[in-house]
file structure_21.pdb (PDB, C-alpha atoms and all ligand atoms)
MODEL        1
ATOM      1  CA  MET A 622     -65.604 214.138  48.347
ATOM      2  CA  ARG A 623     -64.636 210.734  49.740
ATOM      3  CA  ILE A 624     -65.795 209.255  53.053
ATOM      4  CA  GLU A 625     -63.681 206.471  54.543
ATOM      5  CA  VAL A 626     -63.737 204.495  57.786
ATOM      6  CA  LEU A 627     -60.181 203.690  58.829
ATOM      7  CA  ASP A 628     -58.366 202.108  61.765
ATOM      8  CA  GLY A 629     -58.094 204.578  64.650
ATOM      9  CA  ASP A 630     -54.379 204.404  65.393
ATOM     10  CA  SER A 631     -53.062 204.190  61.841
ATOM     11  CA  ALA A 632     -55.339 207.036  60.646
ATOM     12  CA  TRP A 633     -54.395 209.420  63.465
ATOM     13  CA  PRO A 634     -51.534 211.010  61.424
ATOM     14  CA  LEU A 635     -54.170 211.870  58.777
ATOM     15  CA  ALA A 636     -56.495 213.462  61.351
ATOM     16  CA  GLU A 637     -53.888 215.196  63.512
ATOM     17  CA  PRO A 638     -53.321 218.286  61.298
ATOM     18  CA  LEU A 639     -57.084 218.995  61.341
ATOM     19  CA  ASP A 640     -57.159 218.533  65.126
ATOM     20  CA  ARG A 641     -54.334 221.073  65.522
ATOM     21  CA  GLU A 642     -56.081 223.509  63.190
ATOM     22  CA  VAL A 643     -59.468 223.292  64.973
ATOM     23  CA  TYR A 644     -58.020 223.151  68.514
ATOM     24  CA  PRO A 645     -54.870 225.330  68.687
ATOM     25  CA  PRO A 646     -53.564 225.944  72.257
ATOM     26  CA  GLU A 647     -55.346 229.321  72.582
ATOM     27  CA  VAL A 648     -58.698 227.664  71.767
ATOM     28  CA  MET A 649     -58.001 224.622  73.977
ATOM     29  CA  ALA A 650     -57.328 226.935  76.935
ATOM     30  CA  THR A 651     -60.927 228.222  76.752
ATOM     31  CA  LEU A 652     -62.693 224.843  76.606
ATOM     32  CA  PRO A 653     -64.519 223.399  79.643
ATOM     33  CA  TRP A 654     -63.152 219.923  78.849
ATOM     34  CA  ARG A 655     -59.504 220.954  78.377
ATOM     35  CA  ASP A 656     -58.249 218.824  81.326
ATOM     36  CA  VAL A 657     -60.178 215.633  80.502
ATOM     37  CA  VAL A 658     -58.133 212.548  79.551
ATOM     38  CA  TRP A 659     -59.843 211.017  76.507
ATOM     39  CA  ALA A 660     -59.800 207.497  75.028
ATOM     40  CA  HIS A 661     -58.156 206.869  71.640
ATOM     41  CA  ALA A 662     -60.537 206.204  68.738
ATOM     42  CA  ASP A 663     -60.908 202.596  67.514
ATOM     43  CA  ARG A 664     -61.907 203.815  64.064
ATOM     44  CA  ARG A 665     -62.028 207.171  62.311
ATOM     45  CA  VAL A 666     -64.490 208.485  59.745
ATOM     46  CA  LEU A 667     -62.583 210.838  57.437
ATOM     47  CA  VAL A 668     -64.034 213.096  54.763
ATOM     48  CA  ARG A 669     -61.414 213.975  52.160
ATOM     49  CA  GLU A 670     -61.453 216.197  49.114
ATOM     50  CA  SER A 671     -58.476 216.174  46.744
ATOM     51  CA  GLY A 672     -56.573 214.270  49.450
ATOM     52  CA  ARG A 673     -57.110 216.951  52.124
ATOM     53  CA  VAL A 674     -58.883 215.823  55.306
ATOM     54  CA  LEU A 675     -61.828 218.242  55.728
ATOM     55  CA  CYS A 676     -63.761 216.436  58.442
ATOM     56  CA  HIS A 677     -63.204 213.788  61.126
ATOM     57  CA  ALA A 678     -65.271 211.755  63.576
ATOM     58  CA  GLY A 679     -63.704 209.212  65.937
ATOM     59  CA  LEU A 680     -65.573 205.994  66.790
ATOM     60  CA  PHE A 681     -65.140 204.278  70.153
ATOM     61  CA  PHE A 682     -66.521 200.760  70.699
ATOM     62  CA  ARG A 683     -67.093 200.012  74.364
ATOM     63  CA  ASP A 684     -68.714 197.400  76.596
ATOM     64  CA  GLY A 685     -70.491 199.525  79.158
ATOM     65  CA  LEU A 686     -73.387 199.296  81.588
ATOM     66  CA  VAL A 687     -76.849 200.842  81.781
ATOM     67  CA  ASP A 688     -78.117 200.602  85.365
ATOM     68  CA  GLY A 689     -75.795 197.621  85.818
ATOM     69  CA  ARG A 690     -76.842 195.758  82.652
ATOM     70  CA  LYS A 691     -74.211 195.070  79.962
ATOM     71  CA  VAL A 692     -74.524 197.080  76.750
ATOM     72  CA  ARG A 693     -72.402 197.602  73.640
ATOM     73  CA  ILE A 694     -71.928 201.327  73.061
ATOM     74  CA  CYS A 695     -70.403 203.138  70.106
ATOM     75  CA  GLY A 696     -69.074 206.528  71.134
ATOM     76  CA  VAL A 697     -68.468 209.364  68.731
ATOM     77  CA  GLY A 698     -65.888 212.007  69.555
ATOM     78  CA  GLY A 699     -63.540 214.489  67.966
ATOM     79  CA  VAL A 700     -66.158 215.609  65.433
ATOM     80  CA  MET A 701     -64.603 218.517  63.551
ATOM     81  CA  THR A 702     -64.611 220.185  60.168
ATOM     82  CA  ALA A 703     -61.940 222.544  58.843
ATOM     83  CA  ALA A 704     -63.111 226.144  59.374
ATOM     84  CA  ASP A 705     -63.067 226.924  55.638
ATOM     85  CA  ALA A 706     -65.155 223.833  54.805
ATOM     86  CA  ARG A 707     -68.037 224.201  57.283
ATOM     87  CA  ARG A 708     -71.778 224.297  56.479
ATOM     88  CA  ARG A 709     -71.295 222.139  53.418
ATOM     89  CA  GLY A 710     -72.677 218.978  55.034
ATOM     90  CA  HIS A 711     -69.355 217.233  55.776
ATOM     91  CA  ALA A 712     -69.998 216.577  59.474
ATOM     92  CA  SER A 713     -73.575 215.488  58.719
ATOM     93  CA  ALA A 714     -72.228 213.040  56.123
ATOM     94  CA  ALA A 715     -69.581 211.737  58.564
ATOM     95  CA  MET A 716     -72.217 211.270  61.295
ATOM     96  CA  LYS A 717     -74.532 209.390  58.913
ATOM     97  CA  ARG A 718     -71.657 207.096  58.000
ATOM     98  CA  ALA A 719     -70.880 206.626  61.705
ATOM     99  CA  ALA A 720     -74.525 205.616  62.317
ATOM    100  CA  GLN A 721     -74.290 203.144  59.417
ATOM    101  CA  VAL A 722     -71.198 201.545  61.011
ATOM    102  CA  MET A 723     -73.044 201.316  64.347
ATOM    103  CA  ARG A 724     -75.943 199.485  62.686
ATOM    104  CA  GLU A 725     -73.552 197.112  60.878
ATOM    105  CA  GLU A 726     -71.808 196.359  64.187
ATOM    106  CA  GLY A 727     -75.120 195.845  65.995
ATOM    107  CA  VAL A 728     -74.289 198.161  68.895
ATOM    108  CA  ASP A 729     -77.055 199.008  71.354
ATOM    109  CA  PHE A 730     -76.791 202.795  71.001
ATOM    110  CA  GLY A 731     -74.443 205.651  70.165
ATOM    111  CA  LEU A 732     -73.246 208.142  72.751
ATOM    112  CA  LEU A 733     -71.502 211.492  72.379
ATOM    113  CA  PHE A 734     -70.737 214.537  74.464
ATOM    114  CA  CYS A 735     -71.147 217.962  72.944
ATOM    115  CA  GLU A 736     -71.254 221.578  73.896
ATOM    116  CA  GLU A 737     -74.705 223.122  74.265
ATOM    117  CA  HIS A 738     -74.477 225.061  70.977
ATOM    118  CA  ASN A 739     -74.101 221.815  69.000
ATOM    119  CA  VAL A 740     -77.090 219.968  70.567
ATOM    120  CA  GLY A 741     -79.388 221.216  67.775
ATOM    121  CA  PHE A 742     -76.975 220.048  65.073
ATOM    122  CA  TYR A 743     -76.861 216.472  66.407
ATOM    123  CA  GLY A 744     -80.609 216.611  67.083
ATOM    124  CA  THR A 745     -81.282 216.974  63.358
ATOM    125  CA  LEU A 746     -79.338 213.718  62.868
ATOM    126  CA  GLY A 747     -81.527 211.726  65.276
ATOM    127  CA  TRP A 748     -79.487 212.143  68.468
ATOM    128  CA  LEU A 749     -81.421 212.753  71.714
ATOM    129  CA  ALA A 750     -80.329 214.558  74.869
ATOM    130  CA  PHE A 751     -79.628 212.016  77.631
ATOM    131  CA  PRO A 752     -81.078 213.273  80.902
ATOM    132  CA  GLY A 753     -79.523 210.590  83.154
ATOM    133  CA  LYS A 754     -76.010 210.294  84.576
ATOM    134  CA  VAL A 755     -72.896 209.166  82.705
ATOM    135  CA  ARG A 756     -70.034 207.671  84.688
ATOM    136  CA  CYS A 757     -66.533 207.114  83.313
ATOM    137  CA  THR A 758     -62.980 206.930  84.598
ATOM    138  CA  GLN A 759     -60.057 209.326  84.685
ATOM    139  CA  PRO A 760     -56.491 208.549  85.771
ATOM    140  CA  GLY A 761     -57.477 209.736  89.276
ATOM    141  CA  GLY A 762     -60.445 207.336  89.527
ATOM    142  CA  PRO A 763     -64.153 207.208  88.671
ATOM    143  CA  MET A 764     -66.093 210.387  87.824
ATOM    144  CA  VAL A 765     -69.563 211.492  86.771
ATOM    145  CA  PHE A 766     -69.150 213.188  83.380
ATOM    146  CA  ASP A 767     -71.271 216.341  83.633
ATOM    147  CA  ILE A 768     -68.967 218.908  82.026
ATOM    148  CA  ILE A 769     -70.944 219.035  78.770
ATOM    149  CA  PRO A 770     -74.251 217.338  77.804
ATOM    150  CA  ALA A 771     -74.446 213.707  76.681
ATOM    151  CA  MET A 772     -76.546 212.637  73.690
ATOM    152  CA  ILE A 773     -77.723 209.185  72.620
ATOM    153  CA  LEU A 774     -78.407 207.711  69.179
ATOM    154  CA  PRO A 775     -81.118 205.082  69.825
ATOM    155  CA  LEU A 776     -80.512 201.797  67.971
ATOM    156  CA  GLU A 777     -81.199 198.410  69.613
ATOM    157  CA  ALA A 778     -81.704 200.257  72.917
ATOM    158  CA  ALA A 779     -82.631 203.784  73.855
ATOM    159  CA  PRO A 780     -81.811 204.585  77.484
ATOM    160  CA  ARG A 781     -83.868 207.610  78.548
ATOM    161  CA  GLY A 782     -82.556 207.938  82.094
ATOM    162  CA  GLY A 783     -80.665 206.110  84.817
ATOM    163  CA  VAL A 784     -76.899 205.649  84.868
ATOM    164  CA  ILE A 785     -74.689 204.807  81.887
ATOM    165  CA  ASP A 786     -71.242 203.612  82.914
ATOM    166  CA  LEU A 787     -68.656 203.884  80.120
ATOM    167  CA  CYS A 788     -66.373 201.501  82.100
ATOM    168  CA  GLY A 789     -63.294 203.437  80.972
ATOM    169  CA  LEU A 790     -62.091 206.765  79.655
ATOM    170  CA  PRO A 791     -64.627 209.054  77.955
ATOM    171  CA  TRP A 792     -64.442 210.158  74.305
TER     172      TRP A 792
HETATM  173  C1  LIG B 801     -69.835 221.338  64.573
HETATM  174  C2  LIG B 801     -69.091 221.089  63.257
HETATM  175  C3  LIG B 801     -68.350 219.768  63.365
HETATM  176  C4  LIG B 801     -70.110 221.028  62.111
HETATM  177  O1  LIG B 801     -69.396 220.691  60.909
HETATM  178  P1  LIG B 801     -69.958 221.020  59.447
HETATM  179  O2  LIG B 801     -69.199 220.194  58.484
HETATM  180  O3  LIG B 801     -70.020 222.482  59.250
HETATM  181  O4  LIG B 801     -71.440 220.436  59.598
HETATM  182  P2  LIG B 801     -72.566 220.410  58.465
HETATM  183  O5  LIG B 801     -72.179 221.241  57.307
HETATM  184  O6  LIG B 801     -72.929 218.991  58.234
HETATM  185  O7  LIG B 801     -73.772 221.072  59.237
HETATM  186  C5  LIG B 801     -73.577 222.292  59.965
HETATM  187  C6  LIG B 801     -74.714 223.228  59.696
HETATM  188  O8  LIG B 801     -74.616 223.643  58.355
HETATM  189  C7  LIG B 801     -75.849 223.420  57.719
HETATM  190  N1  LIG B 801     -75.529 223.076  56.341
HETATM  191  C8  LIG B 801     -75.112 221.897  55.855
HETATM  192  N2  LIG B 801     -74.940 221.962  54.535
HETATM  193  C9  LIG B 801     -75.202 223.244  54.184
HETATM  194  C10 LIG B 801     -75.172 223.940  52.972
HETATM  195  N3  LIG B 801     -74.846 223.346  51.832
HETATM  196  N4  LIG B 801     -75.470 225.268  52.998
HETATM  197  C11 LIG B 801     -75.800 225.884  54.149
HETATM  198  N5  LIG B 801     -75.833 225.255  55.329
HETATM  199  C12 LIG B 801     -75.555 223.968  55.345
HETATM  200  C13 LIG B 801     -76.474 222.282  58.461
HETATM  201  O9  LIG B 801     -77.892 222.283  58.310
HETATM  202  C14 LIG B 801     -76.081 222.625  59.870
HETATM  203  O10 LIG B 801     -76.939 223.608  60.373
HETATM  204  P3  LIG B 801     -77.185 223.769  61.955
HETATM  205  O11 LIG B 801     -75.870 224.165  62.545
HETATM  206  O12 LIG B 801     -78.211 224.847  62.001
HETATM  207  O13 LIG B 801     -77.657 222.411  62.430
HETATM  208  C15 LIG B 801     -68.100 222.251  62.941
HETATM  209  O14 LIG B 801     -68.786 223.483  63.086
HETATM  210  C16 LIG B 801     -66.854 222.255  63.795
HETATM  211  O15 LIG B 801     -65.872 221.598  63.488
HETATM  212  N6  LIG B 801     -66.870 223.035  64.903
HETATM  213  C17 LIG B 801     -65.725 223.147  65.780
HETATM  214  C18 LIG B 801     -65.468 221.866  66.548
HETATM  215  C19 LIG B 801     -66.712 221.394  67.253
HETATM  216  O16 LIG B 801     -67.422 222.139  67.939
HETATM  217  N7  LIG B 801     -66.985 220.076  67.100
HETATM  218  C20 LIG B 801     -68.110 219.426  67.707
HETATM  219  C21 LIG B 801     -67.686 218.824  69.001
HETATM  220  S1  LIG B 801     -69.087 218.035  69.768
ENDMDL
END
call {"tool": "encode", "arguments": {"input": "structure_21.pdb", "output": "structure tokens", "more": "lines below"}}
Ligand SMILES: CC(C)(COP(=O)(O)OP(=O)(O)OC[C@H]1O[C@@H](n2cnc3c(N)ncnc32)[C@H](O)[C@@H]1OP(=O)(O)O)[C@@H](O)C(=O)NCCC(=O)NCCS
result
Amino acid sequence: MRIEVLDGDSAWPLAEPLDREVYPPEVMATLPWRDVVWAHADRRVLVRESGRVLCHAGLFFRDGLVDGRKVRICGVGGVMTAADARRRGHASAAMKRAAQVMREEGVDFGLLFCEEHNVGFYGTLGWLAFPGKVRCTQPGGPMVFDIIPAMILPLEAAPRGGVIDLCGLPW
């Protein structure tokens, strides 16, 4: 198993087949976030075995605001493991690597959105439910992102309420 952190755009062709496998159109149609316009990842954590991409996590570096104060956020999105490779620790390993990158970059905290059934999974990795509001933008204008829960990885800062503004598209 090999874990790499690659440039977001150039590594997308490596991640795309996994994305199609995990989110085929019939699955996408059932998801509460199917109509959201997402940002493109700045970097990608890939877990590969014998060349095959088994797991992916996108990283999104963003200058945002917490209650109006500037913060450096690292978002994590597009976390997915191939169905036949789950429960072998790949996503946990990718998330630990993502946290390592965040520490190296000195970001204030990590932020992700996840469906309710995955809150426990991220919780075991140190992520905390964020009870405040998260604002972001969509092509139609600003929105409060409340479709699925937000979670925070506390690093230099640990917002426990108030308003986080992503100042751009969500991830
Ligand atoms: C959520 C998801 C990314 C997890 O990927 P994964 O590679 O299976 O994750 P891990 O193996 O690191 O951990 C998953 C679980 O397996 C357990 N596990 C890890 N290694 C294990 C092993 N060797 N034997 C048994 N269980 C193991 C973990 O403890 C964890 O348990 P939990 O669900 O009770 O917390 C994967 O299920 C997935 O792609 N789902 C569909 C897309 C999705 O929902 N993505 C998340 C969007 S927020």
call {"tool": "atom_distance", "arguments": {"input": "structure_21.pdb", "atom1": "atom O2 of ligand LIG 801 (chain B)", "atom2": "CA of Ala778 (chain A)"}}
result
27.6 Å
call {"tool": "closest_residue", "arguments": {"input": "structure_21.pdb", "among": "A:Gln759, A:Thr702, A:Thr651, A:Gln721", "to": "ligand LIG 801 (chain B)", "atoms": "only C-alpha atoms and all ligand atoms"}}
result
A:Thr702
call {"tool": "axis_aligned_box", "arguments": {"input": "structure_21.pdb", "around": "ligand LIG 801 (chain B)", "padding_each_side": "5 Å", "output": "AutoDock Vina command-line options"}}
result
--center_x -71.8 --center_y 222.0 --center_z 60.8 --size_x 22.7 --size_y 17.8 --size_z 27.9
call {"tool": "closest_residue", "arguments": {"input": "structure_21.pdb", "among": "A:Cys735, A:Ala660, A:Ala650, A:Val722", "to": "ligand LIG 801 (chain B)", "atoms": "all atoms listed in the file"}}
result
A:Cys735
call {"tool": "closest_residue", "arguments": {"input": "structure_21.pdb", "among": "A:Asp684, A:Asp640, A:Glu670, A:Asp729", "to": "ligand LIG 801 (chain B)", "atoms": "only C-alpha atoms and all ligand atoms"}}
result
A:Asp640
call {"tool": "atom_distance", "arguments": {"input": "structure_21.pdb", "atom1": "CA of Thr758 (chain A)", "atom2": "CA of Met701 (chain A)"}}
result
24.1 Å
call {"tool": "atom_distance", "arguments": {"input": "structure_21.pdb", "atom1": "atom C21 of ligand LIG 801 (chain B)", "atom2": "CA of Arg724 (chain A)"}}
result
22.0 Å
call {"tool": "residues_around", "arguments": {"input": "structure_21.pdb", "residues": "region 652-658 of chain A", "least_positions_apart": "2", "cutoff": "12 Å", "atoms": "all atoms listed in the file", "output": "PDB file with C-alpha atoms, in the coordinates of the input"}}
result
ATOM      1  CA  TYR A 644     -58.020 223.151  68.514  1.00  0.00           C
ATOM      2  CA  PRO A 645     -54.870 225.330  68.687  1.00  0.00           C
ATOM      3  CA  PRO A 646     -53.564 225.944  72.257  1.00  0.00           C
ATOM      4  CA  GLU A 647     -55.346 229.321  72.582  1.00  0.00           C
ATOM      5  CA  VAL A 648     -58.698 227.664  71.767  1.00  0.00           C
ATOM      6  CA  MET A 649     -58.001 224.622  73.977  1.00  0.00           C
ATOM      7  CA  ALA A 650     -57.328 226.935  76.935  1.00  0.00           C
ATOM      8  CA  ALA A 660     -59.800 207.497  75.028  1.00  0.00           C
ATOM      9  CA  HIS A 661     -58.156 206.869  71.640  1.00  0.00           C
ATOM     10  CA  PHE A 734     -70.737 214.537  74.464  1.00  0.00           C
ATOM     11  CA  CYS A 735     -71.147 217.962  72.944  1.00  0.00           C
ATOM     12  CA  GLU A 736     -71.254 221.578  73.896  1.00  0.00           C
ATOM     13  CA  GLU A 737     -74.705 223.122  74.265  1.00  0.00           C
ATOM     14  CA  CYS A 757     -66.533 207.114  83.313  1.00  0.00           C
ATOM     15  CA  THR A 758     -62.980 206.930  84.598  1.00  0.00           C
ATOM     16  CA  GLN A 759     -60.057 209.326  84.685  1.00  0.00           C
ATOM     17  CA  PRO A 760     -56.491 208.549  85.771  1.00  0.00           C
ATOM     18  CA  GLY A 761     -57.477 209.736  89.276  1.00  0.00           C
ATOM     19  CA  GLY A 762     -60.445 207.336  89.527  1.00  0.00           C
ATOM     20  CA  MET A 764     -66.093 210.387  87.824  1.00  0.00           C
ATOM     21  CA  PHE A 766     -69.150 213.188  83.380  1.00  0.00           C
ATOM     22  CA  ASP A 767     -71.271 216.341  83.633  1.00  0.00           C
ATOM     23  CA  ILE A 768     -68.967 218.908  82.026  1.00  0.00           C
ATOM     24  CA  ILE A 769     -70.944 219.035  78.770  1.00  0.00           C
ATOM     25  CA  PRO A 770     -74.251 217.338  77.804  1.00  0.00           C
ATOM     26  CA  GLY A 789     -63.294 203.437  80.972  1.00  0.00           C
ATOM     27  CA  LEU A 790     -62.091 206.765  79.655  1.00  0.00           C
ATOM     28  CA  PRO A 791     -64.627 209.054  77.955  1.00  0.00           C
ATOM     29  CA  TRP A 792     -64.442 210.158  74.305  1.00  0.00           C
TER      30      TRP A 792
END
call {"tool": "closest_residue", "arguments": {"input": "structure_21.pdb", "among": "A:Val784, A:Leu732, A:Val700, A:Val666", "to": "Ala771 (chain A)", "atoms": "only C-alpha atoms"}}
result
A:Leu732
call {"tool": "residues_near_ligand", "arguments": {"input": "structure_21.pdb", "ligand": "ligand LIG 801 (chain B)", "cutoff": "7 Å", "atoms": "all atoms listed in the file", "output": "count of residues only"}}
result
25
call {"tool": "residues_around", "arguments": {"input": "structure_21.pdb", "residues": "Glu726 (chain A)", "least_positions_apart": "3", "cutoff": "12 Å", "atoms": "all atoms listed in the file", "output": "JSON, numbers by chain"}}
result
{"A": [680, 681, 682, 683, 693, 694, 695, 719, 720, 721, 722, 723, 729, 730, 731, 776, 777]}
call {"tool": "closest_residue", "arguments": {"input": "structure_21.pdb", "among": "A:His738, A:Arg664, A:Lys754, A:Arg718", "to": "Leu627 (chain A)", "atoms": "only C-alpha atoms"}}
result
A:Arg664
call {"tool": "closest_residue", "arguments": {"input": "structure_21.pdb", "among": "A:Val755, A:Leu774, A:Ile624, A:Cys788", "to": "Arg669 (chain A)", "atoms": "only C-alpha atoms"}}
result
A:Ile624
call {"tool": "residues_near_point", "arguments": {"input": "structure_21.pdb", "point": "(-52.8, 217.0, 51.2)", "cutoff": "12 Å", "atoms": "all atoms listed in the file", "output": "PyMOL selection string"}}
result
chain A and resi 634-636+638-639+669-675
call {"tool": "residues_around", "arguments": {"input": "structure_21.pdb", "residues": "Gly783 (chain A)", "least_positions_apart": "6", "cutoff": "8 Å", "atoms": "all atoms listed in the file", "output": "list in words"}}
result
Val687, Asp688, Gly753 and Lys754 of chain A
call {"tool": "decode", "arguments": {"input": "structure_21.pdb", "residues": "region 690-735 of chain A", "atoms": "C-alpha atoms", "output": "PDB file, in the first residue's frame"}}
result
ATOM      1  CA  ARG A 690     -11.862  36.928  11.686  1.00  0.00           C
ATOM      2  CA  LYS A 691      -9.487  35.581   9.007  1.00  0.00           C
ATOM      3  CA  VAL A 692      -8.554  31.905   9.279  1.00  0.00           C
ATOM      4  CA  ARG A 693      -6.705  29.391   7.109  1.00  0.00           C
ATOM      5  CA  ILE A 694      -8.872  26.305   6.650  1.00  0.00           C
ATOM      6  CA  CYS A 695      -8.017  22.963   5.088  1.00  0.00           C
ATOM      7  CA  GLY A 696     -11.127  21.236   3.798  1.00  0.00           C
ATOM      8  CA  VAL A 697     -11.364  17.530   3.171  1.00  0.00           C
ATOM      9  CA  GLY A 698     -13.830  16.209   0.622  1.00  0.00           C
ATOM     10  CA  GLY A 699     -14.439  13.334  -1.735  1.00  0.00           C
ATOM     11  CA  VAL A 700     -13.342  10.754   0.847  1.00  0.00           C
ATOM     12  CA  MET A 701     -14.022   7.364  -0.720  1.00  0.00           C
ATOM     13  CA  THR A 702     -12.733   3.818  -0.757  1.00  0.00           C
ATOM     14  CA  ALA A 703     -13.453   1.217  -3.434  1.00  0.00           C
ATOM     15  CA  ALA A 704     -16.307  -1.023  -2.231  1.00  0.00           C
ATOM     16  CA  ASP A 705     -14.151  -4.170  -2.332  1.00  0.00           C
ATOM     17  CA  ALA A 706     -11.376  -2.529  -0.278  1.00  0.00           C
ATOM     18  CA  ARG A 707     -13.372  -1.100   2.647  1.00  0.00           C
ATOM     19  CA  ARG A 708     -12.796  -1.751   6.374  1.00  0.00           C
ATOM     20  CA  ARG A 709      -9.102  -2.308   5.826  1.00  0.00           C
ATOM     21  CA  GLY A 710      -8.059   1.083   7.215  1.00  0.00           C
ATOM     22  CA  HIS A 711      -7.442   2.879   3.893  1.00  0.00           C
ATOM     23  CA  ALA A 712      -9.647   5.907   4.594  1.00  0.00           C
ATOM     24  CA  SER A 713      -8.290   6.147   8.151  1.00  0.00           C
ATOM     25  CA  ALA A 714      -4.744   6.127   6.745  1.00  0.00           C
ATOM     26  CA  ALA A 715      -5.648   8.774   4.130  1.00  0.00           C
ATOM     27  CA  MET A 716      -7.253  10.983   6.808  1.00  0.00           C
ATOM     28  CA  LYS A 717      -4.195  10.678   9.071  1.00  0.00           C
ATOM     29  CA  ARG A 718      -1.996  11.722   6.166  1.00  0.00           C
ATOM     30  CA  ALA A 719      -4.358  14.630   5.448  1.00  0.00           C
ATOM     31  CA  ALA A 720      -4.041  15.757   9.096  1.00  0.00           C
ATOM     32  CA  GLN A 721      -0.241  15.537   8.797  1.00  0.00           C
ATOM     33  CA  VAL A 722      -0.337  17.815   5.722  1.00  0.00           C
ATOM     34  CA  MET A 723      -2.556  20.276   7.621  1.00  0.00           C
ATOM     35  CA  ARG A 724      -0.043  20.430  10.480  1.00  0.00           C
ATOM     36  CA  GLU A 725       2.865  20.909   8.043  1.00  0.00           C
ATOM     37  CA  GLU A 726       0.969  23.753   6.350  1.00  0.00           C
ATOM     38  CA  GLY A 727       0.074  25.353   9.688  1.00  0.00           C
ATOM     39  CA  VAL A 728      -3.636  25.692   8.920  1.00  0.00           C
ATOM     40  CA  ASP A 729      -5.951  26.763  11.732  1.00  0.00           C
ATOM     41  CA  PHE A 730      -8.321  23.787  11.488  1.00  0.00           C
ATOM     42  CA  GLY A 731      -9.732  21.162   9.144  1.00  0.00           C
ATOM     43  CA  LEU A 732     -13.341  21.161   8.007  1.00  0.00           C
ATOM     44  CA  LEU A 733     -15.420  18.496   6.279  1.00  0.00           C
ATOM     45  CA  PHE A 734     -19.044  17.745   5.569  1.00  0.00           C
ATOM     46  CA  CYS A 735     -20.310  14.218   5.976  1.00  0.00           C
TER      47      CYS A 735
END
